[in-house]
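J.: Okay, so here is my_file_24.csv, and as you'll see once you scroll down, it has CSV, C-alpha atoms.
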chain,number,residue,atom,x,y,z
A,11,MET,CA,-88.4,-6.6,28.6
A,12,LYS,CA,-91.1,-5.3,30.9
A,13,ASN,CA,-93.4,-7.8,32.5
A,14,PRO,CA,-97.1,-7.5,31.7
A,15,LYS,CA,-97.9,-5.8,35.0
A,16,THR,CA,-95.4,-3.1,34.5
A,17,ASN,CA,-96.4,-2.7,30.9
A,18,ASN,CA,-100.0,-2.2,31.9
A,19,LYS,CA,-98.9,0.5,34.4
A,20,VAL,CA,-97.0,2.3,31.6
A,21,ARG,CA,-99.9,2.1,29.2
A,22,ILE,CA,-102.3,3.5,31.7
A,23,ALA,CA,-100.0,6.4,32.7
A,24,ARG,CA,-99.4,7.2,29.0
A,25,TYR,CA,-103.1,7.1,28.2
A,26,ILE,CA,-104.0,9.4,31.0
A,27,SER,CA,-101.1,11.7,29.9
A,28,ALA,CA,-102.3,11.8,26.3
A,29,MET,CA,-106.0,12.3,27.2
A,30,GLY,CA,-105.4,14.9,29.9
A,31,THR,CA,-108.1,13.4,32.1
A,32,ALA,CA,-109.7,9.9,32.0
A,33,SER,CA,-112.0,7.8,34.1
A,34,LYS,CA,-111.2,4.2,35.1
A,35,GLY,CA,-114.0,3.1,32.8
A,36,GLU,CA,-112.6,4.9,29.8
A,37,ILE,CA,-109.2,3.4,30.5
A,38,ALA,CA,-110.6,-0.1,30.6
A,39,LYS,CA,-112.5,0.3,27.4
A,40,SER,CA,-109.8,2.1,25.4
A,41,LEU,CA,-106.9,-0.1,26.5
A,42,HIS,CA,-109.0,-3.4,26.5
A,43,MET,CA,-108.2,-4.1,30.1
A,44,SER,CA,-110.4,-5.7,32.8
A,45,MET,CA,-111.6,-3.3,35.5
A,46,PRO,CA,-109.7,-5.2,38.3
A,47,THR,CA,-106.5,-4.7,36.3
A,48,VAL,CA,-107.2,-1.0,35.9
A,49,LEU,CA,-108.1,-0.5,39.5
A,50,GLN,CA,-105.0,-2.2,40.8
A,51,ASN,CA,-102.7,-0.3,38.4
A,52,VAL,CA,-104.3,3.1,39.1
A,53,LYS,CA,-103.9,2.4,42.8
A,54,GLU,CA,-100.2,1.7,42.3
A,55,LEU,CA,-99.8,4.8,40.2
A,56,SER,CA,-101.5,6.9,42.8
A,57,GLU,CA,-99.3,5.5,45.5
A,58,LEU,CA,-96.2,6.4,43.4
A,59,GLY,CA,-97.5,10.0,43.1
A,60,VAL,CA,-97.9,9.7,39.3
A,61,VAL,CA,-101.7,9.8,39.0
A,62,THR,CA,-104.1,11.9,41.1
A,63,GLU,CA,-107.9,12.3,41.2
A,64,GLU,CA,-109.1,15.8,40.1
A,65,GLY,CA,-112.8,16.3,40.1
A,66,GLU,CA,-115.6,14.1,38.9
A,67,TYR,CA,-117.4,13.5,35.6
A,68,ALA,CA,-121.0,14.6,35.2
A,69,SER,CA,-123.4,12.0,36.5
A,70,THR,CA,-125.2,9.8,34.0
A,71,GLY,CA,-127.6,8.4,36.6
A,72,GLY,CA,-125.2,6.5,38.7
A,73,ARG,CA,-122.2,7.1,40.8
A,74,LYS,CA,-120.0,9.9,39.4
A,75,ALA,CA,-116.8,8.7,37.9
A,76,LYS,CA,-113.5,10.2,39.2
A,77,ALA,CA,-111.4,12.2,36.8
A,78,LEU,CA,-107.8,10.9,36.8
A,79,SER,CA,-104.9,13.1,35.7
A,80,VAL,CA,-101.2,12.9,35.8
A,81,SER,CA,-99.8,14.7,38.9
A,82,ARG,CA,-98.1,18.0,38.4
A,83,GLU,CA,-95.7,17.2,41.2
A,84,ALA,CA,-94.4,13.9,39.9
A,85,GLY,CA,-91.4,15.6,38.2
A,86,ALA,CA,-90.3,18.1,35.6
A,87,SER,CA,-87.8,18.5,32.9
A,88,VAL,CA,-85.8,21.5,31.5
A,89,GLY,CA,-85.6,22.5,27.9
A,90,VAL,CA,-82.8,24.8,26.7
A,91,ASP,CA,-82.9,26.2,23.2
A,92,ILE,CA,-79.7,27.7,22.0
A,93,THR,CA,-79.7,30.2,19.1
A,94,ASN,CA,-77.2,32.6,17.6
A,95,HIS,CA,-78.2,35.4,19.9
A,96,HIS,CA,-80.6,34.1,22.5
A,97,ILE,CA,-81.0,31.2,24.9
A,98,THR,CA,-84.5,30.1,26.0
A,99,PHE,CA,-85.2,28.0,29.1
A,100,VAL,CA,-88.4,26.3,29.9
A,101,LEU,CA,-89.7,24.0,32.7
A,102,VAL,CA,-92.3,21.4,31.8
A,103,ASN,CA,-94.0,19.3,34.4
A,104,THR,CA,-95.2,15.7,34.0
A,105,ARG,CA,-98.6,16.9,32.9
A,106,LYS,CA,-96.7,18.5,30.0
A,107,GLU,CA,-97.6,22.0,31.2
A,108,LEU,CA,-95.1,24.7,30.6
A,109,THR,CA,-94.7,26.1,34.1
A,110,ALA,CA,-91.8,28.5,33.7
A,111,SER,CA,-89.8,30.2,31.0
A,112,LYS,CA,-87.0,32.6,30.5
A,113,ARG,CA,-85.2,34.1,27.5
A,114,ILE,CA,-81.9,35.8,27.7
A,115,PHE,CA,-79.7,37.6,25.2
A,116,ARG,CA,-76.3,36.0,24.7
A,117,THR,CA,-74.4,35.6,21.5
A,118,TYR,CA,-73.1,32.1,20.9
A,119,VAL,CA,-69.3,31.8,21.1
A,120,ARG,CA,-67.5,28.5,20.8
A,121,ASP,CA,-65.5,28.6,24.0
A,122,ARG,CA,-65.4,27.4,27.6
A,123,ALA,CA,-66.7,30.7,29.0
A,124,TYR,CA,-69.9,30.3,27.0
A,125,MET,CA,-70.4,26.8,28.3
A,126,GLN,CA,-69.7,27.7,31.9
A,127,ALA,CA,-72.1,30.7,31.7
A,128,LEU,CA,-74.7,28.3,30.2
A,129,LYS,CA,-74.2,25.9,33.1
A,130,GLU,CA,-74.7,28.6,35.6
A,131,ASP,CA,-77.8,29.9,33.8
A,132,ILE,CA,-79.4,26.4,33.9
A,133,PHE,CA,-78.7,26.1,37.7
A,134,GLN,CA,-80.1,29.5,38.3
A,135,PHE,CA,-83.2,28.8,36.3
A,136,ILE,CA,-83.8,25.5,38.2
A,137,GLU,CA,-83.3,27.2,41.5
A,138,GLY,CA,-85.6,30.1,40.5
A,139,SER,CA,-88.4,27.6,39.7
A,140,GLY,CA,-88.5,26.6,43.3
A,141,LEU,CA,-88.5,22.9,42.3
A,142,LEU,CA,-86.4,20.5,44.3
A,143,PRO,CA,-83.4,19.3,42.3
A,144,GLU,CA,-84.4,15.6,42.7
A,145,LYS,CA,-87.6,16.4,40.8
A,146,ILE,CA,-85.7,17.3,37.7
A,147,LEU,CA,-86.0,14.3,35.2
A,148,GLY,CA,-83.5,15.6,32.7
A,149,ILE,CA,-82.4,18.5,30.5
A,150,GLY,CA,-83.0,18.6,26.8
A,151,PHE,CA,-80.9,20.9,24.6
A,152,SER,CA,-82.4,22.2,21.3
A,153,LEU,CA,-79.7,23.1,18.8
A,154,PRO,CA,-79.9,24.6,15.3
A,155,GLY,CA,-78.1,21.9,13.3
A,156,ILE,CA,-77.3,18.2,12.9
A,157,VAL,CA,-76.7,16.4,16.1
A,158,ASP,CA,-75.3,13.1,17.2
A,159,GLN,CA,-77.2,12.1,20.3
A,160,LYS,CA,-75.1,9.2,21.2
A,161,LYS,CA,-71.9,11.2,21.2
A,162,SER,CA,-73.5,14.4,22.6
A,163,LEU,CA,-72.1,16.2,19.6
A,164,LEU,CA,-73.4,19.1,17.4
A,165,LEU,CA,-72.0,17.9,14.1
A,166,ARG,CA,-72.7,21.0,12.1
A,167,SER,CA,-74.6,24.2,12.4
A,168,HIS,CA,-74.9,26.7,9.6
A,169,THR,CA,-76.6,29.2,12.0
A,170,LEU,CA,-73.9,29.0,14.7
A,171,LYS,CA,-71.1,28.6,12.1
A,172,VAL,CA,-69.5,25.6,13.9
A,173,LYS,CA,-68.8,21.9,13.5
A,174,ASN,CA,-68.2,19.1,15.9
A,175,VAL,CA,-69.0,20.9,19.2
A,176,SER,CA,-69.1,18.5,22.1
A,177,PHE,CA,-71.7,18.9,24.9
A,178,ARG,CA,-70.5,15.9,26.8
A,179,GLU,CA,-68.5,17.9,29.4
A,180,LEU,CA,-71.2,20.4,30.0
A,181,GLY,CA,-73.9,17.7,30.2
A,182,GLY,CA,-71.8,15.6,32.5
A,183,SER,CA,-71.2,18.5,34.9
A,184,LEU,CA,-75.0,19.2,35.3
A,185,GLY,CA,-75.7,16.1,37.3
A,186,TYR,CA,-78.9,15.3,35.3
A,187,PRO,CA,-79.6,13.1,32.3
A,188,PHE,CA,-79.3,15.2,29.2
A,189,ILE,CA,-79.9,14.9,25.4
A,190,LEU,CA,-79.2,17.0,22.3
A,191,LYS,CA,-82.1,17.5,19.8
A,192,ASN,CA,-82.4,19.3,16.5
A,193,ASP,CA,-84.4,22.5,17.0
A,194,ALA,CA,-86.9,22.0,14.1
A,195,ASN,CA,-87.6,18.4,15.2
A,196,SER,CA,-88.0,19.5,18.8
A,197,ALA,CA,-90.4,22.3,17.8
A,198,ALA,CA,-92.4,19.8,15.6
A,199,GLU,CA,-92.7,17.4,18.5
A,200,ALA,CA,-94.0,20.2,20.7
A,201,GLU,CA,-96.5,21.4,18.1
A,202,LEU,CA,-97.6,18.1,16.6
A,203,GLY,CA,-97.1,15.3,19.1
A,204,LYS,CA,-100.1,13.0,19.3
A,205,LYS,CA,-102.5,15.8,18.2
A,206,ARG,CA,-102.6,14.9,14.5
A,207,PRO,CA,-101.8,11.5,12.9
A,208,HIS,CA,-100.2,13.2,9.9
A,209,ALA,CA,-98.8,16.7,9.6
A,210,VAL,CA,-96.0,18.8,8.2
A,211,TYR,CA,-94.2,21.4,10.3
A,212,LEU,CA,-92.5,24.3,8.5
A,213,SER,CA,-89.9,26.1,10.7
A,214,LEU,CA,-89.2,29.7,9.7
A,215,SER,CA,-86.1,30.6,11.8
A,216,ASP,CA,-82.6,31.7,11.1
A,217,THR,CA,-82.6,28.8,8.6
A,218,VAL,CA,-85.7,27.2,7.1
A,219,GLY,CA,-86.4,23.6,8.0
A,220,GLY,CA,-89.1,21.4,9.3
A,221,ALA,CA,-90.4,17.9,10.0
A,222,VAL,CA,-92.9,15.4,8.7
A,223,TYR,CA,-95.2,13.4,11.0
A,224,MET,CA,-96.7,10.2,9.6
A,225,GLU,CA,-98.8,7.8,11.7
A,226,GLU,CA,-98.0,10.0,14.8
A,227,ARG,CA,-94.2,9.4,14.3
A,228,LEU,CA,-91.4,11.6,13.0
A,229,TYR,CA,-90.4,10.6,9.5
A,230,GLU,CA,-86.6,11.0,9.3
A,231,GLY,CA,-85.9,9.6,5.8
A,232,ASP,CA,-83.4,6.9,4.7
A,233,ASN,CA,-80.4,9.1,5.5
A,234,LEU,CA,-81.9,11.2,8.4
A,235,LYS,CA,-82.2,14.2,6.0
A,236,SER,CA,-86.0,14.4,5.5
A,237,ALA,CA,-87.9,17.7,5.6
A,238,GLU,CA,-85.0,19.9,4.4
A,239,PHE,CA,-87.7,22.3,3.2
A,240,GLY,CA,-85.3,25.2,3.1
A,241,HIS,CA,-83.5,23.7,0.2
A,242,MET,CA,-86.6,23.2,-2.1
A,243,ILE,CA,-86.0,25.4,-5.1
A,244,ILE,CA,-88.9,27.8,-5.5
A,245,GLU,CA,-87.2,30.0,-8.2
A,246,ARG,CA,-84.9,28.8,-10.9
A,247,GLU,CA,-81.6,30.8,-11.0
A,248,GLY,CA,-82.9,32.7,-8.0
A,249,ARG,CA,-81.1,34.1,-4.9
A,250,ARG,CA,-77.9,32.3,-3.8
A,251,CYS,CA,-78.4,30.0,-0.8
A,252,TYR,CA,-75.8,29.3,1.7
A,253,CYS,CA,-75.8,25.7,0.5
A,254,GLY,CA,-74.4,26.9,-2.9
A,255,LYS,CA,-77.6,26.4,-4.9
A,256,ARG,CA,-79.8,29.2,-6.3
A,257,GLY,CA,-83.5,29.7,-5.6
A,258,CYS,CA,-83.7,27.7,-2.3
A,259,LEU,CA,-86.6,28.5,0.0
A,260,ASP,CA,-84.1,29.4,2.7
A,261,ALA,CA,-82.9,32.3,0.7
A,262,TYR,CA,-86.4,33.8,0.7
A,263,CYS,CA,-87.9,32.8,4.0
A,264,ARG,CA,-85.1,32.8,6.6
A,265,ALA,CA,-85.8,35.1,9.5
A,266,GLY,CA,-82.6,37.1,8.7
A,267,ILE,CA,-84.4,38.7,5.7
A,268,LEU,CA,-86.8,40.5,8.0
A,269,LYS,CA,-84.1,41.3,10.6
A,270,GLU,CA,-81.8,42.8,7.9
A,271,SER,CA,-84.5,44.9,6.5
A,272,ALA,CA,-85.1,46.5,9.9
A,273,GLY,CA,-81.4,46.6,10.9
A,274,ALA,CA,-82.4,44.9,14.1
A,275,GLY,CA,-84.3,41.9,15.5
A,276,LEU,CA,-87.7,40.5,14.6
A,277,GLU,CA,-89.3,42.6,17.4
A,278,GLU,CA,-88.2,45.8,15.6
A,279,PHE,CA,-89.3,44.5,12.2
A,280,PHE,CA,-92.8,43.7,13.4
A,281,ARG,CA,-93.0,47.0,15.3
A,282,LEU,CA,-92.3,48.8,12.0
A,283,LEU,CA,-94.7,46.7,10.2
A,284,ARG,CA,-97.5,47.4,12.6
A,285,GLU,CA,-96.8,51.1,12.5
A,286,GLY,CA,-97.3,51.1,8.7
A,287,ASP,CA,-93.6,51.5,7.6
A,288,ALA,CA,-93.7,51.2,3.8
A,289,HIS,CA,-90.4,49.4,3.4
A,290,ALA,CA,-91.3,46.8,6.1
A,291,GLY,CA,-94.6,46.4,4.4
A,292,ASN,CA,-93.0,45.7,1.0
A,293,VAL,CA,-90.5,43.2,2.5
A,294,TRP,CA,-93.3,41.4,4.4
A,295,GLU,CA,-95.5,41.1,1.3
A,296,GLU,CA,-92.7,39.5,-0.7
A,297,TYR,CA,-91.8,37.3,2.3
A,298,LEU,CA,-95.4,36.1,2.7
A,299,ASP,CA,-95.6,35.4,-1.0
A,300,SER,CA,-92.6,33.0,-0.7
A,301,VAL,CA,-94.1,31.3,2.3
A,302,ALA,CA,-97.4,30.9,0.3
A,303,VAL,CA,-95.5,29.1,-2.5
A,304,ALA,CA,-93.9,26.8,0.0
A,305,VAL,CA,-97.2,26.1,1.8
A,306,SER,CA,-98.9,25.3,-1.6
A,307,ASN,CA,-96.1,22.9,-2.6
A,308,LEU,CA,-96.1,21.1,0.7
A,309,ARG,CA,-99.9,20.8,0.6
A,310,MET,CA,-99.7,19.3,-2.9
A,311,VAL,CA,-97.1,16.7,-1.7
A,312,PHE,CA,-98.5,15.7,1.7
A,313,ASP,CA,-102.2,16.6,1.6
A,314,CYS,CA,-102.3,17.1,5.4
A,315,ASP,CA,-102.3,19.9,8.0
A,316,ILE,CA,-99.4,22.3,7.8
A,317,ILE,CA,-98.1,24.1,11.0
A,318,LEU,CA,-96.0,27.2,10.7
A,319,GLY,CA,-93.5,27.7,13.4
A,320,GLY,CA,-90.0,29.0,14.2
A,321,TYR,CA,-89.1,32.5,15.2
A,322,VAL,CA,-91.2,34.1,12.4
A,323,GLY,CA,-94.0,31.6,13.1
A,324,GLY,CA,-94.3,33.1,16.6
A,325,TYR,CA,-95.5,36.4,15.0
A,326,LEU,CA,-97.7,35.0,12.2
A,327,GLU,CA,-101.1,34.7,13.9
A,328,GLU,CA,-102.3,38.2,13.1
A,329,TYR,CA,-101.2,37.9,9.5
A,330,MET,CA,-102.8,34.5,8.7
A,331,PRO,CA,-105.7,36.0,6.8
A,332,ARG,CA,-103.3,37.7,4.4
A,333,LEU,CA,-101.2,34.6,4.1
A,334,SER,CA,-104.3,32.5,3.4
A,335,GLU,CA,-105.2,34.9,0.5
A,336,LYS,CA,-101.8,34.4,-1.0
A,337,VAL,CA,-101.9,30.6,-0.6
A,338,LYS,CA,-105.3,30.4,-2.4
A,339,GLN,CA,-103.7,32.1,-5.4
A,340,TYR,CA,-101.3,29.2,-5.8
A,341,ASN,CA,-103.6,26.4,-4.8
A,342,ASN,CA,-106.9,25.8,-6.6
A,343,PHE,CA,-107.3,22.3,-5.2
A,344,ASP,CA,-108.6,23.4,-1.8
A,345,GLU,CA,-111.5,25.6,-1.2
A,346,ASP,CA,-110.1,27.0,2.0
A,347,THR,CA,-106.9,27.0,4.1
A,348,LYS,CA,-108.3,25.2,7.2
A,349,TYR,CA,-105.3,22.9,7.0
A,350,LEU,CA,-102.9,25.8,7.7
A,351,HIS,CA,-102.1,26.7,11.4
A,352,THR,CA,-99.6,28.6,13.5
A,353,GLY,CA,-97.8,26.9,16.4
A,354,LYS,CA,-99.1,27.1,19.9
A,355,TYR,CA,-95.8,27.5,21.7
A,356,GLY,CA,-94.2,30.3,19.6
A,357,LEU,CA,-90.6,31.2,20.5
A,358,GLU,CA,-90.6,28.5,23.2
A,359,ALA,CA,-91.5,25.6,20.9
A,360,SER,CA,-88.0,24.1,20.5
A,361,ALA,CA,-87.2,24.3,24.1
A,362,TYR,CA,-90.5,22.8,25.1
A,363,GLY,CA,-90.1,20.0,22.6
A,364,ALA,CA,-86.6,19.2,23.9
A,365,ALA,CA,-88.0,19.0,27.4
A,366,LEU,CA,-90.7,16.5,26.4
A,367,TYR,CA,-88.1,13.8,25.8
A,368,PHE,CA,-87.7,13.3,29.5
A,369,ILE,CA,-91.4,13.6,30.3
A,370,ASP,CA,-92.2,10.8,27.8
A,371,GLY,CA,-89.3,8.8,29.2
A,372,PHE,CA,-90.6,9.2,32.7
A,373,PHE,CA,-93.7,7.1,31.9
A,374,GLU,CA,-91.6,4.4,30.3
A,375,ARG,CA,-89.5,3.9,33.4
A,376,LEU,CA,-92.5,3.3,35.7
Render the structure in this file as structure tokens.

T.:
Amino acid sequence: MKNPKTNNKVRIARYISAMGTASKGEIAKSLHMSMPTVLQNVKELSELGVVTEEGEYASTGGRKAKALSVSREAGASVGVDITNHHITFVLVNTRKELTASKRIFRTYVRDRAYMQALKEDIFQFIEGSGLLPEKILGIGFSLPGIVDQKKSLLLRSHTLKVKNVSFRELGGSLGYPFILKNDANSAAEAELGKKRPHAVYLSLSDTVGGAVYMEERLYEGDNLKSAEFGHMIIEREGRRCYCGKRGCLDAYCRAGILKESAGAGLEEFFRLLREGDAHAGNVWEEYLDSVAVAVSNLRMVFDCDIILGGYVGGYLEEYMPRLSEKVKQYNNFDEDTKYLHTGKYGLEASAYGAALYFIDGFFERL
């Protein structure tokens, strides 16, 4: 158990991190601390290289208050998002800024050669960032499936078509702390975090999933199976889903529907769509209609903001007016769709969310 002095230091660092910038006065008022306590802890955080002064607040008639921020140089973590055909790498500093990213094409194969190549890719990415190895706080892996963090095990992945894949050997050989995270949960943590007290994240990727945030915390359910939105039935006796049921949302909103219609990746589908291809346009209209049904259902259940993410979510921004029109056809309880948003981090959301684990942990270890 941390002693009170250490706890104050952690609280102050986390507060500055959450706010972006803060003055000593704001810290004292918001955290209900005395000014001497704040001054002493800020001094120690500055000496540790965790907090730095960056500019001043506008004067209100007296001495200008210094603007405190988390130092960009305090450390960084790596996020690695593994999908069926791509690997995304990101570097996130202690200010939670995404400072570097890289996406490579590589088809997942369950063998040692894939893991060895992944290891080399991670080292090359870190080296290419120019960051000293000792500044790396850890590596978070985002995986499309159910994971056992304690055993460093990917228990099951429909997307990758594997079960019981161990990452213990790979992780141990990297020389950094590491953790496995579910991709939808990671993306939700990236897009939601502390920004909204309650929100729902709908992930539109190779499979459809999501996450629910309540009171700024991820709600996982009694059996760690919450937010399986892909298996909500939206059409009785509808299309067959990989789970064996019929009419699941996944069968209508997985990214593969768009890829298959184009005979290529999402980039090609959206190129055809933008060029006015009739077939792509018809597929997209039907796809958006299914998304609209899902959004309407989620809004009826949770009555909070809904964020659309995943691979398809990364392309949605320009099509939100059309989606909003469709949503309003199914939902006559809301006058508008201000509650509906696209994610900020697009294709990098899962990797970014996985990296955040070690950034948040950094403040806890102060």

J.: One decimal, in Å: what's the spacing between atom CA of A:Lys235 and atom CA of A:Asp370?

T.: 24.2 Å

J.: By how many Å are atom CA of A:Ser167 and atom CA of A:Ser215 apart?

T.: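 Taking atom CA of A:Ser167 and atom CA of A:Ser215, their separation equals 13.2 Å.
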
J.: Could you jot down the atom CA of A:Lys106 to atom CA of A:Lys76 separation for me, Å, one decimal place?

T.: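 Atom CA of A:Lys106 sits 20.9 Å away from atom CA of A:Lys76.
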
J.: Once you count only C-alpha atoms, what closest atom pair and distance in Å to one decimal does each residue of stretch 127-216 of chain A within 8 Å of stretch 355-367 of chain A have, with rows by chain and rising residue number, as JSON lines?

T.:
{"residue": "A:Gly148", "atom": "CA", "partner": "A:Ala365", "partner_atom": "CA", "distance": 7.7}
{"residue": "A:Ile149", "atom": "CA", "partner": "A:Ala365", "partner_atom": "CA", "distance": 6.4}
{"residue": "A:Gly150", "atom": "CA", "partner": "A:Ala364", "partner_atom": "CA", "distance": 4.7}
{"residue": "A:Phe151", "atom": "CA", "partner": "A:Ala364", "partner_atom": "CA", "distance": 6.0}
{"residue": "A:Ser152", "atom": "CA", "partner": "A:Ala364", "partner_atom": "CA", "distance": 5.8}
{"residue": "A:Leu190", "atom": "CA", "partner": "A:Ala364", "partner_atom": "CA", "distance": 7.9}
{"residue": "A:Lys191", "atom": "CA", "partner": "A:Ala364", "partner_atom": "CA", "distance": 6.3}
{"residue": "A:Asp193", "atom": "CA", "partner": "A:Ser360", "partner_atom": "CA", "distance": 5.3}
{"residue": "A:Ala194", "atom": "CA", "partner": "A:Ser360", "partner_atom": "CA", "distance": 6.8}
{"residue": "A:Asn195", "atom": "CA", "partner": "A:Ser360", "partner_atom": "CA", "distance": 7.8}
{"residue": "A:Ser196", "atom": "CA", "partner": "A:Gly363", "partner_atom": "CA", "distance": 4.4}
{"residue": "A:Ala197", "atom": "CA", "partner": "A:Ser360", "partner_atom": "CA", "distance": 4.0}
{"residue": "A:Ala198", "atom": "CA", "partner": "A:Gly363", "partner_atom": "CA", "distance": 7.4}
{"residue": "A:Glu199", "atom": "CA", "partner": "A:Gly363", "partner_atom": "CA", "distance": 5.5}
{"residue": "A:Ala200", "atom": "CA", "partner": "A:Gly363", "partner_atom": "CA", "distance": 4.3}
{"residue": "A:Glu201", "atom": "CA", "partner": "A:Ala359", "partner_atom": "CA", "distance": 7.1}

J.: List every residue of stretch 144-226 of chain A that has an atom at most 12 Å from any atom of stretch 278-302 of chain A, and for each one report the closest atom pair and its distance in Å to one decimal, counting all atoms listed in the file, with rows sorted by chain and then by increasing residue number, as a Markdown table.

T.:
| residue | atom | partner | partner_atom | distance |
| --- | --- | --- | --- | --- |
| A:Leu212 | CA | A:Val301 | CA | 9.5 |
| A:Ser213 | CA | A:Val301 | CA | 10.7 |
| A:Leu214 | CA | A:Val301 | CA | 9.0 |
| A:Val218 | CA | A:Val301 | CA | 10.5 |

J.: Give me the residues near A:Asn94 as a list in words, where near means some atom within 12 Å (using all atoms listed in the file) and where sequence neighbours in that chain fewer than 6 positions away do not count.

T.: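 Everything that qualifies: Ile114, Phe115, Arg116, Thr117, Tyr118, Val119, Arg120, Leu153, Pro154, Gly155, Ser167, His168, Thr169, Leu170, Lys171, Val172, Ser215, Asp216, Thr217, Gly266 and Gly275 of chain A.
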
J.: Show me the residues close to (-105.4, 16.2, 6.8) - anything with an atom within 8 Å, counting only C-alpha atoms - and format the list as an MDAnalysis selection string.

T.: chainID A and resid 208:209 313:315 349

J.: In terms of the shortest atom-to-atom distance over all atoms listed in the file, which of A:Leu180, A:Ala28, A:Leu55, A:Ile243 is closest to A:Arg122?

T.: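 Ranked by minimum distance to A:Arg122, first place goes to A:Leu180.
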
J.: Quick one: residues within 12 Å of (-81.9, 27.0, 0.8) (file frame), counting only C-alpha atoms, please, as a PyMOL selection string.

T.: chain A and resi 168+214+216-219+238-245+248-264

J.: Give me the residues within 12 Å of A:Arg113 as a PyMOL selection string, counting all atoms listed in the file and dropping any in the same chain fewer than 4 places off.

T.: chain A and resi 89-93+95-100+131-132+135+357-358+361

J.: Counting all atoms listed in the file, which residue out of A:Gly319, A:Gly371, A:Pro46, A:Gly59 sits closest to A:Ala221?

T.: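 Among the listed residues, the smallest separation from A:Ala221 belongs to A:Gly319.
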
J.: So which one's closest to A:Pro331, A:Phe343, A:Leu350, A:Phe373, A:Lys112? Using all atoms listed in the file, please.

T.: A:Leu350

J.: With all atoms listed in the file as the atoms that count, which of A:Ile267, A:Ser56, A:Gly320, A:Ser334 lies nearest to A:Lys354?

T.: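 Checking each candidate against A:Lys354, we get A:Gly320 as the closest.
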
J.: Just checking: using only C-alpha atoms, which residue out of A:Leu78, A:Asp158, A:Ala304, A:Gly231 ends up closest to A:Lys336?

T.: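 The answer is A:Ala304, which sits nearest to A:Lys336.
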
J.: Name all residues at most 12 Å from A:Glu137 (count all atoms listed in the file; drop same-chain ones fewer than 6 positions away) and give them as a count of residues only.

T.: 9

J.: Excluding stretch 305-308 of chain A and any residue of its chain fewer than 6 positions from it, enumerate the residues within 8 Å of it, using all atoms listed in the file, and give them as a PyMOL selection string.

T.: chain A and resi 210+316+337+340-341
